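What follows is protein-v2.cif (mmCIF, C-alpha atoms and all ligand atoms).
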```
data_model
loop_
_atom_site.group_PDB
_atom_site.id
_atom_site.type_symbol
_atom_site.label_atom_id
_atom_site.label_comp_id
_atom_site.auth_asym_id
_atom_site.auth_seq_id
_atom_site.Cartn_x
_atom_site.Cartn_y
_atom_site.Cartn_z
ATOM 1 C CA MET A 547 8.426 52.935 57.950
ATOM 2 C CA THR A 548 5.169 52.498 59.930
ATOM 3 C CA GLY A 549 3.248 53.993 57.001
ATOM 4 C CA HIS A 550 4.874 51.510 54.646
ATOM 5 C CA ALA A 551 4.066 48.553 56.938
ATOM 6 C CA LEU A 552 0.458 49.748 57.209
ATOM 7 C CA LEU A 553 0.109 50.021 53.426
ATOM 8 C CA VAL A 554 1.588 46.524 52.960
ATOM 9 C CA SER A 555 -0.849 45.125 55.574
ATOM 10 C CA VAL A 556 -3.844 46.712 53.820
ATOM 11 C CA LEU A 557 -2.586 45.501 50.414
ATOM 12 C CA VAL A 558 -2.216 41.911 51.680
ATOM 13 C CA LEU A 559 -5.657 41.941 53.342
ATOM 14 C CA ALA A 560 -7.465 43.488 50.354
ATOM 15 C CA THR A 561 -5.761 41.087 47.904
ATOM 16 C CA SER A 562 -6.709 38.149 50.158
ATOM 17 C CA VAL A 563 -10.362 39.225 50.116
ATOM 18 C CA TRP A 564 -10.370 39.625 46.305
ATOM 19 C CA VAL A 565 -8.508 36.365 45.510
ATOM 20 C CA GLY A 566 -10.157 34.387 48.348
ATOM 21 C CA GLY A 567 -13.602 35.608 47.248
ATOM 22 C CA TYR A 568 -12.941 34.558 43.658
ATOM 23 C CA VAL A 569 -11.817 31.050 44.697
ATOM 24 C CA ALA A 570 -14.735 30.700 47.148
ATOM 25 C CA ILE A 571 -17.271 31.682 44.445
ATOM 26 C CA VAL A 572 -15.895 28.966 42.137
ATOM 27 C CA VAL A 573 -16.495 26.354 44.887
ATOM 28 C CA VAL A 574 -19.921 27.844 45.720
ATOM 29 C CA ALA A 575 -20.894 27.859 41.999
ATOM 30 C CA ARG A 576 -20.058 24.155 41.652
ATOM 31 C CA THR A 577 -21.926 23.325 44.865
ATOM 32 C CA ALA A 578 -24.983 25.351 43.799
ATOM 33 C CA THR A 579 -25.027 23.614 40.394
ATOM 34 C CA ALA A 580 -24.892 20.210 42.119
ATOM 35 C CA THR A 581 -27.570 20.880 44.741
ATOM 36 C CA LEU A 582 -30.086 23.531 43.595
ATOM 37 C CA GLU A 583 -32.937 23.367 41.103
ATOM 38 C CA PRO A 584 -32.508 25.766 38.127
ATOM 39 C CA ALA A 585 -35.012 28.380 39.398
ATOM 40 C CA ALA A 586 -33.464 28.420 42.889
ATOM 41 C CA ARG A 587 -29.977 28.582 41.350
ATOM 42 C CA VAL A 588 -30.849 31.695 39.332
ATOM 43 C CA ARG A 589 -32.266 33.421 42.455
ATOM 44 C CA PHE A 590 -29.249 32.323 44.497
ATOM 45 C CA PHE A 591 -26.669 33.729 42.058
ATOM 46 C CA LYS A 592 -28.578 36.952 41.561
ATOM 47 C CA THR A 593 -28.446 37.603 45.334
ATOM 48 C CA LEU A 594 -24.900 36.277 45.818
ATOM 49 C CA GLY A 595 -23.492 38.185 42.816
ATOM 50 C CA ARG A 596 -25.083 41.496 43.832
ATOM 51 C CA ARG A 597 -23.959 41.135 47.461
ATOM 52 C CA TYR A 598 -20.460 39.995 46.554
ATOM 53 C CA LEU A 599 -20.019 42.920 44.177
ATOM 54 C CA TRP A 600 -20.037 45.224 47.249
ATOM 55 C CA VAL A 601 -17.275 43.153 48.886
ATOM 56 C CA GLY A 602 -15.092 42.134 45.921
ATOM 57 C CA ALA A 603 -15.056 45.404 43.958
ATOM 58 C CA PRO A 604 -14.082 47.615 46.966
ATOM 59 C CA ALA A 605 -11.409 45.054 47.962
ATOM 60 C CA LEU A 606 -9.968 45.173 44.436
ATOM 61 C CA LEU A 607 -10.002 48.990 44.400
ATOM 62 C CA VAL A 608 -8.296 49.150 47.815
ATOM 63 C CA ALA A 609 -5.657 46.603 46.683
ATOM 64 C CA LEU A 610 -4.920 48.594 43.506
ATOM 65 C CA ALA A 611 -4.851 51.929 45.360
ATOM 66 C CA THR A 612 -2.474 50.682 48.088
ATOM 67 C CA GLY A 613 -0.302 49.015 45.430
ATOM 68 C CA ALA A 614 -0.152 52.344 43.552
ATOM 69 C CA LEU A 615 0.811 54.213 46.760
ATOM 70 C CA LEU A 616 3.568 51.705 47.521
ATOM 71 C CA LEU A 617 4.942 52.081 43.981
ATOM 72 C CA ARG A 618 4.682 55.866 43.721
ATOM 73 C CA GLY A 619 8.465 56.320 43.805
ATOM 74 C CA HIS A 620 9.122 53.569 41.261
ATOM 75 C CA ARG A 621 10.531 54.545 37.852
ATOM 76 C CA TRP A 622 8.237 54.141 34.846
ATOM 77 C CA ASP A 623 9.896 51.059 33.351
ATOM 78 C CA GLY A 624 8.308 48.321 31.225
ATOM 79 C CA LEU A 625 7.314 46.298 34.290
ATOM 80 C CA LEU A 626 5.396 49.171 35.882
ATOM 81 C CA ILE A 627 3.678 50.056 32.587
ATOM 82 C CA ALA A 628 2.640 46.382 32.103
ATOM 83 C CA THR A 629 1.260 46.342 35.667
ATOM 84 C CA VAL A 630 -0.796 49.512 35.137
ATOM 85 C CA VAL A 631 -2.141 48.119 31.841
ATOM 86 C CA ALA A 632 -3.094 44.830 33.592
ATOM 87 C CA ALA A 633 -4.784 46.744 36.451
ATOM 88 C CA VAL A 634 -6.844 48.905 34.077
ATOM 89 C CA ALA A 635 -7.736 45.819 32.002
ATOM 90 C CA LEU A 636 -8.858 43.990 35.171
ATOM 91 C CA LEU A 637 -11.142 46.864 36.214
ATOM 92 C CA GLY A 638 -12.593 47.137 32.699
ATOM 93 C CA LEU A 639 -13.082 43.387 32.477
ATOM 94 C CA LEU A 640 -14.832 43.317 35.861
ATOM 95 C CA ALA A 641 -17.339 45.910 34.620
ATOM 96 C CA VAL A 642 -17.899 43.886 31.420
ATOM 97 C CA ALA A 643 -18.241 40.621 33.419
ATOM 98 C CA VAL A 644 -20.831 42.146 35.780
ATOM 99 C CA GLY A 645 -22.894 43.403 32.825
ATOM 100 C CA GLN A 646 -22.627 39.984 31.173
ATOM 101 C CA ALA A 647 -23.629 38.240 34.448
ATOM 102 C CA ARG A 648 -26.746 40.429 34.711
ATOM 103 C CA ARG A 649 -27.752 39.559 31.145
ATOM 104 C CA MET A 650 -27.079 35.883 31.972
ATOM 105 C CA THR A 651 -29.424 36.032 34.974
ATOM 106 C CA ALA A 652 -32.210 37.517 32.816
ATOM 107 C CA LEU A 653 -31.630 34.903 30.099
ATOM 108 C CA ARG A 654 -31.590 32.000 32.572
ATOM 109 C CA ARG A 655 -34.788 33.284 34.192
ATOM 110 C CA ARG A 656 -36.512 33.285 30.794
ATOM 111 C CA ALA A 657 -35.212 29.753 30.113
ATOM 112 C CA VAL A 658 -36.521 28.507 33.474
ATOM 113 C CA THR A 659 -40.035 29.783 32.730
ATOM 114 C CA ASP A 660 -39.956 28.354 29.186
ATOM 115 C CA PRO A 661 -38.090 24.990 29.444
ATOM 116 C CA ALA A 662 -39.527 23.657 26.147
ATOM 117 C CA ASN A 663 -37.856 26.444 24.149
ATOM 118 C CA THR A 664 -34.759 24.651 22.790
ATOM 119 C CA GLY A 665 -33.548 27.790 20.976
ATOM 120 C CA LEU A 666 -33.426 29.594 24.308
ATOM 121 C CA THR A 667 -31.626 26.656 25.957
ATOM 122 C CA GLN A 668 -28.955 26.778 23.241
ATOM 123 C CA GLN A 669 -28.647 30.536 23.667
ATOM 124 C CA VAL A 670 -28.102 30.005 27.420
ATOM 125 C CA SER A 671 -25.365 27.406 26.765
ATOM 126 C CA ARG A 672 -23.553 29.710 24.338
ATOM 127 C CA ALA A 673 -23.800 32.711 26.649
ATOM 128 C CA ALA A 674 -22.687 30.585 29.636
ATOM 129 C CA ARG A 675 -19.518 29.615 27.753
ATOM 130 C CA GLY A 676 -18.824 33.313 27.111
ATOM 131 C CA ALA A 677 -19.439 34.146 30.791
ATOM 132 C CA ALA A 678 -17.117 31.321 31.900
ATOM 133 C CA ALA A 679 -14.386 32.592 29.526
ATOM 134 C CA LEU A 680 -14.740 36.120 30.952
ATOM 135 C CA ARG A 681 -14.509 34.810 34.525
ATOM 136 C CA GLY A 682 -11.461 32.734 33.600
ATOM 137 C CA LEU A 683 -9.809 35.812 32.102
ATOM 138 C CA LEU A 684 -10.612 37.723 35.296
ATOM 139 C CA GLY A 685 -8.749 35.061 37.295
ATOM 140 C CA LEU A 686 -5.818 35.015 34.861
ATOM 141 C CA LEU A 687 -5.436 38.810 34.978
ATOM 142 C CA THR A 688 -5.585 38.708 38.785
ATOM 143 C CA LEU A 689 -2.795 36.122 38.839
ATOM 144 C CA THR A 690 -0.750 38.201 36.352
ATOM 145 C CA LEU A 691 -1.122 41.291 38.548
ATOM 146 C CA VAL A 692 -0.012 39.440 41.689
ATOM 147 C CA ILE A 693 3.093 38.144 39.885
ATOM 148 C CA LEU A 694 3.917 41.554 38.335
ATOM 149 C CA GLY A 695 3.404 43.181 41.758
ATOM 150 C CA ALA A 696 5.773 40.678 43.361
ATOM 151 C CA PHE A 697 8.477 41.464 40.767
ATOM 152 C CA LEU A 698 7.953 45.219 41.239
ATOM 153 C CA SER A 699 8.286 44.881 45.023
ATOM 154 C CA THR A 700 11.810 43.511 44.628
ATOM 155 C CA GLY A 701 13.027 46.858 43.276
HETATM 156 C C1 LIG A 801 -14.811 37.739 41.818
HETATM 157 C C2 LIG A 801 -15.589 38.622 41.314
HETATM 158 C C3 LIG A 801 -17.043 38.435 40.980
HETATM 159 C C4 LIG A 801 -17.994 39.389 41.115
HETATM 160 C C5 LIG A 801 -17.788 40.815 41.615
HETATM 161 C C6 LIG A 801 -19.245 38.805 40.682
HETATM 162 C C7 LIG A 801 -20.453 39.482 40.643
HETATM 163 C C8 LIG A 801 -21.598 38.990 40.074
HETATM 164 C C9 LIG A 801 -22.780 39.763 39.758
HETATM 165 C C10 LIG A 801 -22.964 41.266 40.053
HETATM 166 C C11 LIG A 801 -23.686 38.930 39.196
HETATM 167 C C12 LIG A 801 -25.049 39.344 38.603
HETATM 168 C C13 LIG A 801 -26.214 39.156 39.531
HETATM 169 C C14 LIG A 801 -27.433 39.811 38.890
HETATM 170 O O1 LIG A 801 -27.542 41.036 39.013
HETATM 171 O O2 LIG A 801 -28.210 39.102 38.259
HETATM 172 C C15 LIG A 801 -23.099 37.607 39.158
HETATM 173 C C16 LIG A 801 -23.706 36.486 38.656
HETATM 174 C C17 LIG A 801 -23.127 35.251 38.589
HETATM 175 N N1 LIG A 801 -21.845 34.908 38.961
HETATM 176 FE FE1 LIG A 801 -20.455 36.189 39.652
HETATM 177 N N2 LIG A 801 -19.044 37.501 40.322
HETATM 178 C C18 LIG A 801 -17.702 37.234 40.467
HETATM 179 C C19 LIG A 801 -17.055 36.044 40.181
HETATM 180 C C20 LIG A 801 -17.687 34.887 39.814
HETATM 181 C C21 LIG A 801 -17.036 33.607 39.625
HETATM 182 C C22 LIG A 801 -15.540 33.354 39.819
HETATM 183 C C23 LIG A 801 -18.014 32.713 39.265
HETATM 184 C C24 LIG A 801 -17.935 31.250 38.942
HETATM 185 C C25 LIG A 801 -16.947 30.589 38.515
HETATM 186 C C26 LIG A 801 -19.266 33.421 39.225
HETATM 187 C C27 LIG A 801 -20.491 32.869 38.898
HETATM 188 C C28 LIG A 801 -21.650 33.586 38.701
HETATM 189 C C29 LIG A 801 -22.872 33.022 38.144
HETATM 190 C C30 LIG A 801 -23.097 31.559 37.717
HETATM 191 C C31 LIG A 801 -23.797 34.067 38.092
HETATM 192 C C32 LIG A 801 -25.262 34.020 37.582
HETATM 193 C C33 LIG A 801 -25.311 34.446 36.149
HETATM 194 C C34 LIG A 801 -24.909 33.271 35.255
HETATM 195 O O3 LIG A 801 -25.633 32.291 35.270
HETATM 196 O O4 LIG A 801 -23.849 33.393 34.617
HETATM 197 N N3 LIG A 801 -19.017 34.720 39.566
HETATM 198 N N4 LIG A 801 -21.821 37.682 39.690
#
```
Could I get this structure in the form of structure tokens?
Ligand code: HEM
Amino acid sequence: MTGHALLVSVLVLATSVWVGGYVAIVVVARTATATLEPAARVRFFKTLGRRYLWVGAPALLVALATGALLLRGHRWDGLLIATVVAAVALLGLLAVAVGQARRMTALRRRAVTDPANTGLTQQVSRAARGAAALRGLLGLLTLTLVILGAFLSTG
């Protein structure tokens, strides 16, 4: 019983860090866009993204691991299979999103040093839309996992 309560506590805390971090970054991103010059913004996100990776990714791994431990006795029904698929997709998508974000930083840095290059500016806009879609999908998958987890916890 104590072990179960401990696992639930860790799951709640780790999920809070992952979801809270995601929501906070959205607010920070809007604030940075409104207040920082392009060159400063690129430097800011490079540092924030790399630092946050070491907070968000471990929190997500801990949340998934504690969730898996809590569900280890659960039968392999459609709900559990859908949850595992969503969890694996979320981890894969995070890796893809981080790679995309790194390429975005490099692209934005080039655009900042060459503002007259309209081709580059268009490339940045296109890539930024792709990055935003990936981040949106990351949020949607997170929400899906929380809902699936809640249904699984009821038995
Ligand atoms: C929650 C998980 C997230 C993680 C682990 C993460 C991590 C990262 C990493 C590693 C970078 C690359 C830094 C570099 O090496 O250049 C980055 C860049 C960036 N991130 Fe995130 N991020 C997350 C979510 C978000 C969200 C929700 C937003 C905004 C809605 C966001 C906005 C950005 C922006 C604007 C950049 C700079 C690259 C670009 O201009 O697209 N991130 N992030």
Q. If we count all atoms listed in the file, what is near A:Ala605 at a cut-off of 9 Å, once residues fewer than 6 positions away on the same chain are taken out, given as a PyMOL selection string?
A. chain A and resi 559-564
Write the residues you've just listed into a file as an mmCIF file, in the frame of the given file, and include C-alpha atoms for each of them.
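Once everything was written out, this is out03.cif:
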```cif
data_model
loop_
_atom_site.group_PDB
_atom_site.id
_atom_site.type_symbol
_atom_site.label_atom_id
_atom_site.label_comp_id
_atom_site.auth_asym_id
_atom_site.auth_seq_id
_atom_site.Cartn_x
_atom_site.Cartn_y
_atom_site.Cartn_z
ATOM 1 C CA LEU A 559 -5.657 41.941 53.342
ATOM 2 C CA ALA A 560 -7.465 43.488 50.354
ATOM 3 C CA THR A 561 -5.761 41.087 47.904
ATOM 4 C CA SER A 562 -6.709 38.149 50.158
ATOM 5 C CA VAL A 563 -10.362 39.225 50.116
ATOM 6 C CA TRP A 564 -10.370 39.625 46.305
#
```
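Using all atoms listed in the file, the nearest neighbour of A:Leu626 within the list A:Val658, A:Leu552, A:Leu691, A:Leu606 is A:Leu691.
Applied to the shown file, the PyMOL selection byres (((chain A and resi 575) around 12) and not hetatm) selects the residues Gly567, Tyr568, Val569, Ala570, Ile571, Val572, Val573, Val574, Arg576, Thr577, Ala578, Thr579, Ala580, Thr581, Leu582, Arg587, Val588, Phe590, Phe591, Lys592, Leu594, Gly595 and Ala678 of chain A.
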Output as a tab-separated table one row per residue of stretch 547-644 of chain A within 10 Å of stretch 662-677 of chain A: the closest atom pair and its distance in Å to one decimal place, counting all atoms listed in the file, sorted by chain and residue number ascending.
```
residue	atom	partner	partner_atom	distance
A:Val642	CA	A:Ala677	CA	9.9
A:Ala643	CA	A:Ala677	CA	7.1
A:Val644	CA	A:Ala677	CA	9.5
```
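Across the structure, atom C8 of ligand LIG 801 (chain A) and atom CA of A:Ile693 are spaced 24.7 Å apart.
Nearest to A:Ala585 of all the residues A:Pro661, A:Pro604, A:Gly695, A:Gly701 is A:Pro661, counting only C-alpha atoms.
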Axis-aligned box over every listed atom of stretch 654-673 of chain A, padded by 5 Å per side: centre and edges in Å to one decimal, as JSON?
```
{"center_x": -31.8, "center_y": 28.5, "center_z": 27.6, "size_x": 26.5, "size_y": 19.6, "size_z": 23.2}
```
Q) When you draw a straight line from atom N4 of ligand LIG 801 (chain A) to atom CA of A:Arg656, how long is it in Å? A) 17.7 Å
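Straight-line separation from atom C26 of ligand LIG 801 (chain A) to atom CA of A:Ala628: 26.4 Å.
For the structure shown here, the set of residues caught by the PyMOL selection byres (((chain A and resi 616) around 10) and not hetatm) is Gly549, His550, Ala551, Leu553, Val554, Leu557, Leu610, Ala611, Thr612, Gly613, Ala614, Leu615, Leu617, Arg618, Gly619, His620 and Ser699 of chain A.
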(Q) Let me make sure I understand: among A:Val630, A:Val556, A:Ala641, A:Ala635, which one has the smallest atom-to-atom distance to ligand LIG 801 (chain A) if we use only C-alpha atoms and all ligand atoms? (A) A:Ala641
Q) Could you pull the residues within 9 Å of A:Leu683, counting only C-alpha atoms, minus those fewer than 5 positions along the same chain, as a PyMOL selection string? A) chain A and resi 636+639+678+688
Is it possible to add N, CA and C atoms to stretch 606-629 of chain A and hand it back as a JSON list (two decimals), in the frame of the given file?
```json
[["chain", "number", "residue", "atom", "x", "y", "z"],
["A", 606, "LEU", "N", -10.87, 45.03, 45.59],
["A", 606, "LEU", "CA", -9.97, 45.17, 44.44],
["A", 606, "LEU", "C", -9.48, 46.62, 44.32],
["A", 607, "LEU", "N", -10.39, 47.57, 44.50],
["A", 607, "LEU", "CA", -10.00, 48.99, 44.40],
["A", 607, "LEU", "C", -8.99, 49.35, 45.48],
["A", 608, "VAL", "N", -9.23, 48.86, 46.71],
["A", 608, "VAL", "CA", -8.30, 49.15, 47.82],
["A", 608, "VAL", "C", -6.93, 48.52, 47.52],
["A", 609, "ALA", "N", -6.93, 47.28, 47.00],
["A", 609, "ALA", "CA", -5.66, 46.60, 46.68],
["A", 609, "ALA", "C", -4.90, 47.40, 45.62],
["A", 610, "LEU", "N", -5.60, 47.84, 44.57],
["A", 610, "LEU", "CA", -4.92, 48.59, 43.51],
["A", 610, "LEU", "C", -4.43, 49.95, 44.01],
["A", 611, "ALA", "N", -5.24, 50.60, 44.85],
["A", 611, "ALA", "CA", -4.85, 51.93, 45.36],
["A", 611, "ALA", "C", -3.64, 51.82, 46.28],
["A", 612, "THR", "N", -3.63, 50.81, 47.18],
["A", 612, "THR", "CA", -2.47, 50.68, 48.09],
["A", 612, "THR", "C", -1.22, 50.27, 47.30],
["A", 613, "GLY", "N", -1.43, 49.41, 46.29],
["A", 613, "GLY", "CA", -0.30, 49.02, 45.43],
["A", 613, "GLY", "C", 0.28, 50.25, 44.75],
["A", 614, "ALA", "N", -0.60, 51.12, 44.24],
["A", 614, "ALA", "CA", -0.15, 52.34, 43.55],
["A", 614, "ALA", "C", 0.62, 53.24, 44.52],
["A", 615, "LEU", "N", 0.12, 53.37, 45.77],
["A", 615, "LEU", "CA", 0.81, 54.21, 46.76],
["A", 615, "LEU", "C", 2.20, 53.66, 47.08],
["A", 616, "LEU", "N", 2.27, 52.32, 47.21],
["A", 616, "LEU", "CA", 3.57, 51.70, 47.52],
["A", 616, "LEU", "C", 4.57, 51.87, 46.38],
["A", 617, "LEU", "N", 4.05, 52.01, 45.15],
["A", 617, "LEU", "CA", 4.94, 52.08, 43.98],
["A", 617, "LEU", "C", 5.15, 53.50, 43.48],
["A", 618, "ARG", "N", 4.68, 54.50, 44.27],
["A", 618, "ARG", "CA", 4.68, 55.87, 43.72],
["A", 618, "ARG", "C", 6.08, 56.40, 43.42],
["A", 619, "GLY", "N", 7.10, 55.84, 44.08],
["A", 619, "GLY", "CA", 8.46, 56.32, 43.80],
["A", 619, "GLY", "C", 9.17, 55.50, 42.72],
["A", 620, "HIS", "N", 8.49, 54.50, 42.22],
["A", 620, "HIS", "CA", 9.12, 53.57, 41.26],
["A", 620, "HIS", "C", 9.27, 54.24, 39.89],
["A", 621, "ARG", "N", 10.38, 53.96, 39.19],
["A", 621, "ARG", "CA", 10.53, 54.54, 37.85],
["A", 621, "ARG", "C", 9.57, 53.86, 36.87],
["A", 622, "TRP", "N", 9.19, 54.65, 35.84],
["A", 622, "TRP", "CA", 8.24, 54.14, 34.85],
["A", 622, "TRP", "C", 8.95, 53.23, 33.85],
["A", 623, "ASP", "N", 9.27, 52.01, 34.28],
["A", 623, "ASP", "CA", 9.90, 51.06, 33.35],
["A", 623, "ASP", "C", 8.82, 50.14, 32.75],
["A", 624, "GLY", "N", 9.25, 49.21, 31.92],
["A", 624, "GLY", "CA", 8.31, 48.32, 31.22],
["A", 624, "GLY", "C", 7.43, 47.52, 32.19],
["A", 625, "LEU", "N", 8.04, 47.11, 33.31],
["A", 625, "LEU", "CA", 7.31, 46.30, 34.29],
["A", 625, "LEU", "C", 6.15, 47.08, 34.90],
["A", 626, "LEU", "N", 6.45, 48.35, 35.26],
["A", 626, "LEU", "CA", 5.40, 49.17, 35.88],
["A", 626, "LEU", "C", 4.29, 49.47, 34.86],
["A", 627, "ILE", "N", 4.69, 49.76, 33.62],
["A", 627, "ILE", "CA", 3.68, 50.06, 32.59],
["A", 627, "ILE", "C", 2.79, 48.81, 32.36],
["A", 628, "ALA", "N", 3.41, 47.63, 32.30],
["A", 628, "ALA", "CA", 2.64, 46.38, 32.10],
["A", 628, "ALA", "C", 1.67, 46.18, 33.27],
["A", 629, "THR", "N", 2.11, 46.52, 34.48],
["A", 629, "THR", "CA", 1.26, 46.34, 35.67],
["A", 629, "THR", "C", 0.06, 47.28, 35.61]]
```
